[in-house]
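Encoded as structure tokens, the structure appears first; notes follow it.
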2 protein chains.
Amino acid sequence: MSRYSVGLDFGTGSVRAIAVDLESGATVAAAEEPYETLESPQEPELARQNPLDYLRAMETGLKRLVQDSSVAPEEVAGIGIAATASTPLPVLEDGAPLAAQESFANDPNAMAWLWKDHTAHAEAEWITERARELRPEFLARCGGSYSSEWFWAKVWHCARVAPRIVEAAYTWMELCDWIPGVLTGAGSRVSRSVCAAGHKGLYASEWGGYPDVEFLDALDPQLARLRGTLPAEARPAGWKAGELSRAWAERTGLPEGTPVSVGAIDAHLGAVGAGVAEGVLVRVMGTSACDMAVGRMTEQVPEIPGISGIVRDSIVPGWIGFEAGQAAVGDLFAWWTRMTDQDHRALTERAAGLKPGETGLLALDWNNGNRSVLQDPRLTGLLLGATLATSPAEVYRALVEATAFGARVIWDRLASGGVRVGEVVACGGIAEESDFVLQTYADATGRTIFRTSATDATALGAAIAGAVAGGAYSDFESAMQACSGKKTDAFRPRVEAQRVYDELYELYLTLHDAFGGVRADAPLADVMKRLLRLRDEARQA
Amino acid sequence: MSRYSVGLDFGTGSVRAIAVDLESGATVAAAEEPYETLESPQEPELARQNPLDYLRAMETGLKRLVQDSSVAPEEVAGIGIAATASTPLPVLEDGAPLAAQESFANDPNAMAWLWKDHTAHAEAEWITERARELRPEFLARCGGSYSSEWFWAKVWHCARVAPRIVEAAYTWMELCDWIPGVLTGAGSRVSRSVCAAGHKGLYASEWGGYPDVEFLDALDPQLARLRGTLPAEARPAGWKAGELSRAWAERTGLPEGTPVSVGAIDAHLGAVGAGVAEGVLVRVMGTSACDMAVGRMTEQVPEIPGISGIVRDSIVPGWIGFEAGQAAVGDLFAWWTRMTDQDHRALTERAAGLKPGETGLLALDWNNGNRSVLQDPRLTGLLLGATLATSPAEVYRALVEATAFGARVIWDRLASGGVRVGEVVACGGIAEESDFVLQTYADATGRTIFRTSATDATALGAAIAGAVAGGAYSDFESAMQACSGKKTDAFRPRVEAQRVYDELYELYLTLHDAFGGVRADAPLADVMKRLLRLRDEARQA
């Protein structure tokens, strides 16, 4: 009898394995194993991970999960996998990572290219340019520009700087695809995630899946060759990718034949764990923020300018998934603690004592660029309204408000595209820690913000996918109904605060449009870019 | 035989008395005596000083100056007086301050209204409105609006909130007029300063001196009555106001009959001490900054929009004096040390190591409003271009650059009005302490910046006025030639830095015009004002 499901969450610094009770959704056991990121002072945009580290960490984690808990291995319905994306790695046909070959050992280009690796920014721009010319429909689906963090840009960059890697590889796999390939023994033939393919790989059923060979050939023949190794169709989480191989059964203590789900991106399965649904948006708030929503499946996928991910089945199978985000949230607040040499607690305490509007300040939350809806990584921060009496806590409050306004821009944009954002479930470190931030979000956006009862939403979402793949539920939504986190701790907008924030938001939009280039006639549209150019010239001088 | 002159400088916190060698301009003796400012937590705009404190401090200071030095009293050619302005006080006909009357003792409204007292902002606005309607020529001379810091606004505010004071007073005198009245025994009949009258009291020979009775009556009949107690003509520094009375000779040890000069505003006599001349602007850099320049006397006084003080004879007799300034310079840097909990030295060291443009930042120096050329005290600060890597020292550098750009706006505006600004002599605390600030000013403005050899420029300027009043020199300029500070420590603009700063300055002007309301069609013109309104509403709620 199946009583449990196992979820694996390959995050940036560790893999987390949990076992979930299939009736209550409660986490009954958990294990976490860290791994390293290879970074380079000479090349600050580079971030790689050794795929063998993933395997070692997964083996240890699953073994401990089974050994140290009361979960009987035979009661596990299935295994689901969440991972960072786009984190592609070059592999042989049987799925063996190139990094495991002696001739490629310790070669960073043969490792997994971590999501935050930005070495491929030139290739990303070229892809955007070629797509604008040849396949504008690609750009409409990913918000107007292809990112240096994504699959094709990374592979192309590797083909240019390390061609022998791309030549030696049979194919490239997203981490969330590679793990199911390893666990099932299917290697590179395993079903691939429609979530990762759609959000990072320009995959859409409308144009026959992955980008066509003609387009890829116009970029680089190596990409056209790679296209031949990709499946015709990618699959949603909950789709059975295969069964646990004997080798991995022996390594972990889980039974051979345990169903393994197709993987998905960590944030998206986090939304599943937090209970995303029609009208209920999930916001994952950590160093950055990711907004996830679902909309009814339609013949035509809506095009919403500035929303960078619109993909069928990518979050909840049967629904269109929408993904957007902010490039800095917790990172922005942490920056201010460094600037002022004060800690979050002290700043929060004083900031929370202020009334909306009382600071006289207004900020743009662009210190790390703007992901949605402007999709411009080279925008920068702005702080307006300081006097000689302005205090660190007042600025801290203004920064929190700025991220709330940035979120409101995203949510309003989704709503204008027909994706209702009635309520918001916030999860992630900031959401767990700060009542002040969540109440400010409620007041500044006019929406009720909830926390979720799920403490480990991403791994829980992966476990839900595992349960569905294992047949413990007839469909994905029933599994979510039973296991996803419940809404807790409602932060509701307060009328008076909302009135002030509506006016501040109007001013925020004025600055947003003027400096973000929305009003191209505004003389301010290029101020930030020219400052960056002067900075870069000064650094190179 | 006259070998020395005495200068008195009534600053915000103390009076400084020096004796100057008439041949070399060297300070041979000095004494300083502090006094208090009455402030009120309930009314933060209020700042008053007890006039009896001025007298006590002056008596002690002059006595010590004579006793503790080798200066023989009979060798003193004359006494000159500099004081903060507009710092008016209500007096009886013999010059006795109302504050000395038992019935007004300890009444703040009967004291001297210190320059930085802003309680009269409503009256200042009304004066501006009425003048715009009835006497637009008044506004043209003071830069478009009358300030709450100035004479008529303060007296009017007193008439409204404490009418019995204004009724009991025979007249009101600027501090720099009252002191000569006291020292000579001439009381309220002493010659008044054209510098204070012109820069703070709407005095100009073109319209017959002080504002006409008809205009003042349209404001308040009490002001019209006060007009009758003011002289037809005001006089420049160096004009002999009278001779030291027996009473004050006995109090100080200086000989009865020592000539006393007409007073002037401290900043203006500071410019004299620092060697202001045609083409040589003097910038006093302390908590705020004051720019002083002179231009050739012409039939028509030039009108330069945004330059708040254009007055004949106000700095150097025989020349037109121009005064402008920035509301926060040292105050702005000090604010940032408080924000970041770092000291000037550490911030300066790191900021000085950066190249022009390297911060990627641009700031507007308006945390205390903009005095020149926008003349809008309700503008606020702006910081643009921060990333997650922006450091406290980078912002510090951007703030220094912002004040330099603000200075460049003023100097360019003066130049566009025909007042050549070829070189700049910087004095005041910041100029004395920071090579980094002066080099940045040179690079960012394209002008050579000097220090002055005068260590006490304001008191030196007062002593020069005293020497001229005492006949030690045939004219003011000869006295300056002999005694004013010499240019030292040249900071010259560096070509490469200038190139970068020229581009940054263009961006600064873009922000300046957009947020300063110069381009009224810009949607950003009212952003700062609306934030202040929301702040004020929140505070009152």
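Residue numbering restarts at 1 in every chain; chains get A, B, ... in the order shown in the structure tokens, and ligands count up from 1 in that same order.
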
Find the residues around A:Leu347 up to 10 Å (only C-alpha atoms counted), leave out those fewer than 3 positions away in its own chain, and share them as a PyMOL selection string. chain A and resi 333+336-337+340+342-344+350-352+391-397

Excluding A:Pro88 and its own-chain neighbours fewer than 6 positions away, which residues fall within 6 Å of it when counting only C-alpha atoms? Please give them as a list of chain:residue names. A:Ala112, A:Trp113, A:Met173, A:Glu174, A:Leu175

N, CA, C and O atoms of the current selection, written as an mmCIF file, in the first residue's frame:
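Okay, out.cif is ready:
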```cif
data_model
loop_
_atom_site.group_PDB
_atom_site.id
_atom_site.type_symbol
_atom_site.label_atom_id
_atom_site.label_comp_id
_atom_site.auth_asym_id
_atom_site.auth_seq_id
_atom_site.Cartn_x
_atom_site.Cartn_y
_atom_site.Cartn_z
ATOM 1 N N ALA A 112 27.794 21.009 -15.199
ATOM 2 C CA ALA A 112 26.458 21.599 -15.344
ATOM 3 C C ALA A 112 26.593 23.119 -15.280
ATOM 4 O O ALA A 112 27.298 23.650 -14.413
ATOM 5 N N TRP A 113 25.949 23.799 -16.213
ATOM 6 C CA TRP A 113 25.992 25.266 -16.261
ATOM 7 C C TRP A 113 24.838 25.792 -15.408
ATOM 8 O O TRP A 113 23.684 25.775 -15.837
ATOM 9 N N MET A 173 21.271 18.026 -21.416
ATOM 10 C CA MET A 173 20.033 17.818 -20.655
ATOM 11 C C MET A 173 19.923 18.842 -19.532
ATOM 12 O O MET A 173 20.910 19.182 -18.887
ATOM 13 N N GLU A 174 18.704 19.284 -19.298
ATOM 14 C CA GLU A 174 18.449 20.095 -18.108
ATOM 15 C C GLU A 174 18.628 19.194 -16.875
ATOM 16 O O GLU A 174 18.305 17.992 -16.925
ATOM 17 N N LEU A 175 19.100 19.767 -15.784
ATOM 18 C CA LEU A 175 19.294 18.981 -14.560
ATOM 19 C C LEU A 175 18.024 18.246 -14.167
ATOM 20 O O LEU A 175 18.072 17.073 -13.762
#
```

Determine, counting only C-alpha atoms, which protein, DNA and RNA residues have an atom within 12 Å of an atom of stretch 449-452 of chain B; residues of the same chain fewer than 4 positions away are not included. Present the result as a ChimeraX atom specification. /B:270-276,280-285,404,421-445,456-458,460,483-493

Identify all chain A residues at most 6 Å from chain B by counting only C-alpha atoms; ligands do not count. Present them as number ranges by chain. A: 335, 339-340, 357-358, 360, 367-368, 380-388, 392, 531-532, 534-535, 538

Once DSSP has gone over the backbone, tell me which residues of stretch 16-74 of chain B are in alpha helix (DSSP H), as number ranges by chain. B: 51-67

Give the strand (DSSP E or B) residues of stretch 413-474 of chain A, as assigned by DSSP on the backbone, as a ChimeraX atom specification. /A:421-427,448-452

Contacts of B:Glu303 at 12 Å or less, counting only C-alpha atoms, minus same-chain residues fewer than 6 places along, as a PDB file with N, CA and C atoms, in the first residue's frame?
```pdb
ATOM      1  N   PRO B 136       6.915  93.548  -9.415  1.00  0.00           N
ATOM      2  CA  PRO B 136       7.712  92.425  -9.964  1.00  0.00           C
ATOM      3  C   PRO B 136       9.212  92.729  -9.977  1.00  0.00           C
ATOM      4  N   GLU B 137       9.577  94.009 -10.007  1.00  0.00           N
ATOM      5  CA  GLU B 137      11.005  94.351 -10.023  1.00  0.00           C
ATOM      6  C   GLU B 137      11.709  93.871  -8.742  1.00  0.00           C
ATOM      7  N   PHE B 138      10.981  93.818  -7.630  1.00  0.00           N
ATOM      8  CA  PHE B 138      11.590  93.316  -6.389  1.00  0.00           C
ATOM      9  C   PHE B 138      12.055  91.866  -6.579  1.00  0.00           C
ATOM     10  N   LEU B 139      11.191  91.075  -7.192  1.00  0.00           N
ATOM     11  CA  LEU B 139      11.491  89.644  -7.317  1.00  0.00           C
ATOM     12  C   LEU B 139      12.622  89.398  -8.302  1.00  0.00           C
ATOM     13  N   ALA B 140      12.668  90.221  -9.332  1.00  0.00           N
ATOM     14  CA  ALA B 140      13.735  90.047 -10.317  1.00  0.00           C
ATOM     15  C   ALA B 140      15.094  90.169  -9.643  1.00  0.00           C
ATOM     16  N   ARG B 141      15.171  91.013  -8.613  1.00  0.00           N
ATOM     17  CA  ARG B 141      16.453  91.259  -7.967  1.00  0.00           C
ATOM     18  C   ARG B 141      16.805  90.179  -6.949  1.00  0.00           C
ATOM     19  N   CYS B 142      15.788  89.498  -6.429  1.00  0.00           N
ATOM     20  CA  CYS B 142      16.108  88.469  -5.423  1.00  0.00           C
ATOM     21  C   CYS B 142      15.795  87.072  -5.939  1.00  0.00           C
ATOM     22  N   GLY B 143      15.786  86.942  -7.243  1.00  0.00           N
ATOM     23  CA  GLY B 143      15.763  85.593  -7.817  1.00  0.00           C
ATOM     24  C   GLY B 143      14.402  84.954  -7.919  1.00  0.00           C
ATOM     25  N   GLY B 144      13.348  85.743  -7.844  1.00  0.00           N
ATOM     26  CA  GLY B 144      12.035  85.175  -8.133  1.00  0.00           C
ATOM     27  C   GLY B 144      11.173  84.863  -6.933  1.00  0.00           C
ATOM     28  N   GLY B 309      20.663  87.022  -5.031  1.00  0.00           N
ATOM     29  CA  GLY B 309      21.103  88.304  -4.502  1.00  0.00           C
ATOM     30  C   GLY B 309      21.967  89.055  -5.495  1.00  0.00           C
ATOM     31  N   ILE B 310      21.463  90.182  -5.959  1.00  0.00           N
ATOM     32  CA  ILE B 310      22.234  91.032  -6.884  1.00  0.00           C
ATOM     33  C   ILE B 310      22.107  92.444  -6.330  1.00  0.00           C
ATOM     34  N   VAL B 311      23.173  92.938  -5.696  1.00  0.00           N
ATOM     35  CA  VAL B 311      23.081  94.178  -4.928  1.00  0.00           C
ATOM     36  C   VAL B 311      24.330  95.038  -5.146  1.00  0.00           C
ATOM     37  N   ILE B 320      29.070  95.622  -8.289  1.00  0.00           N
ATOM     38  CA  ILE B 320      27.810  94.932  -8.010  1.00  0.00           C
ATOM     39  C   ILE B 320      28.142  93.579  -7.390  1.00  0.00           C
ATOM     40  N   PHE B 322      27.145  89.740  -6.277  1.00  0.00           N
ATOM     41  CA  PHE B 322      26.250  88.631  -6.650  1.00  0.00           C
ATOM     42  C   PHE B 322      26.401  87.539  -5.611  1.00  0.00           C
ATOM     43  N   ARG B 413      25.303  79.818 -14.650  1.00  0.00           N
ATOM     44  CA  ARG B 413      24.212  80.788 -14.713  1.00  0.00           C
ATOM     45  C   ARG B 413      24.744  82.210 -14.529  1.00  0.00           C
ATOM     46  N   LEU B 414      25.671  82.391 -13.591  1.00  0.00           N
ATOM     47  CA  LEU B 414      26.303  83.709 -13.416  1.00  0.00           C
ATOM     48  C   LEU B 414      26.989  84.128 -14.709  1.00  0.00           C
ATOM     49  N   SER B 416      26.354  83.203 -17.712  1.00  0.00           N
ATOM     50  CA  SER B 416      25.379  83.533 -18.759  1.00  0.00           C
ATOM     51  C   SER B 416      24.782  84.919 -18.519  1.00  0.00           C
ATOM     52  N   GLY B 417      24.876  85.417 -17.283  1.00  0.00           N
ATOM     53  CA  GLY B 417      24.400  86.761 -16.981  1.00  0.00           C
ATOM     54  C   GLY B 417      25.516  87.798 -17.072  1.00  0.00           C
ATOM     55  N   GLY B 418      26.665  87.395 -17.586  1.00  0.00           N
ATOM     56  CA  GLY B 418      27.747  88.346 -17.806  1.00  0.00           C
ATOM     57  C   GLY B 418      28.744  88.434 -16.664  1.00  0.00           C
ATOM     58  N   VAL B 419      28.585  87.581 -15.638  1.00  0.00           N
ATOM     59  CA  VAL B 419      29.521  87.602 -14.511  1.00  0.00           C
ATOM     60  C   VAL B 419      30.547  86.495 -14.722  1.00  0.00           C
TER      61      VAL B 419
END
```

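Atom CA of B:Asp291 is positioned 8.4 Å from atom CA of B:Gln326.
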
Applying 9 Å and only C-alpha atoms, which residues near B:Glu125 remain after dropping the ones on its own chain fewer than 5 positions away? List them as a ChimeraX atom specification. /B:120,130,145-148,153

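Distance-wise, atom CA of B:Thr87 and atom CA of B:Gln49 end up 9.1 Å apart.
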
For B:Ser205, work out the shell of residues within 9 Å, counting only C-alpha atoms and skipping chain neighbours fewer than 3 positions away, then give it as a list in words. Gly208, Gly209, Tyr210, Glu233 and Arg312 of chain B

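Between B:Pro259 and the candidates B:Asn106, B:Ser188, B:Ser5, B:Thr455, the tightest atom-to-atom separation, counting only C-alpha atoms, involves B:Ser5.
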
With only C-alpha atoms as the basis for distance, which of A:Glu36, A:Glu401, A:Asp376, A:Asp212 is at the shortest distance from A:Ala327? A:Asp376

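Around A:Ala29, within 10 Å and counting only C-alpha atoms, the residues found are Val6, Ala17, Ile18, Ala19, Val20, Asp21, Arg64, Leu65, Val66, Asp68, Ser69, Ser70 and Val71 of chain A, once anything fewer than 4 positions away on its own chain is removed.
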
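The residue that comes closest to A:Leu223, out of A:Leu269, A:Ala249, A:Ala186, A:Val155 and on the basis of only C-alpha atoms, is A:Val155.
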
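A straight line drawn from atom CA of A:Val495 to atom CA of A:Ala402 is 19.3 Å long.
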
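Using only C-alpha atoms, the smallest distance between any of B:Leu55, B:Ile127, B:Ala72, B:Ala47 and B:Val182 comes from B:Leu55.
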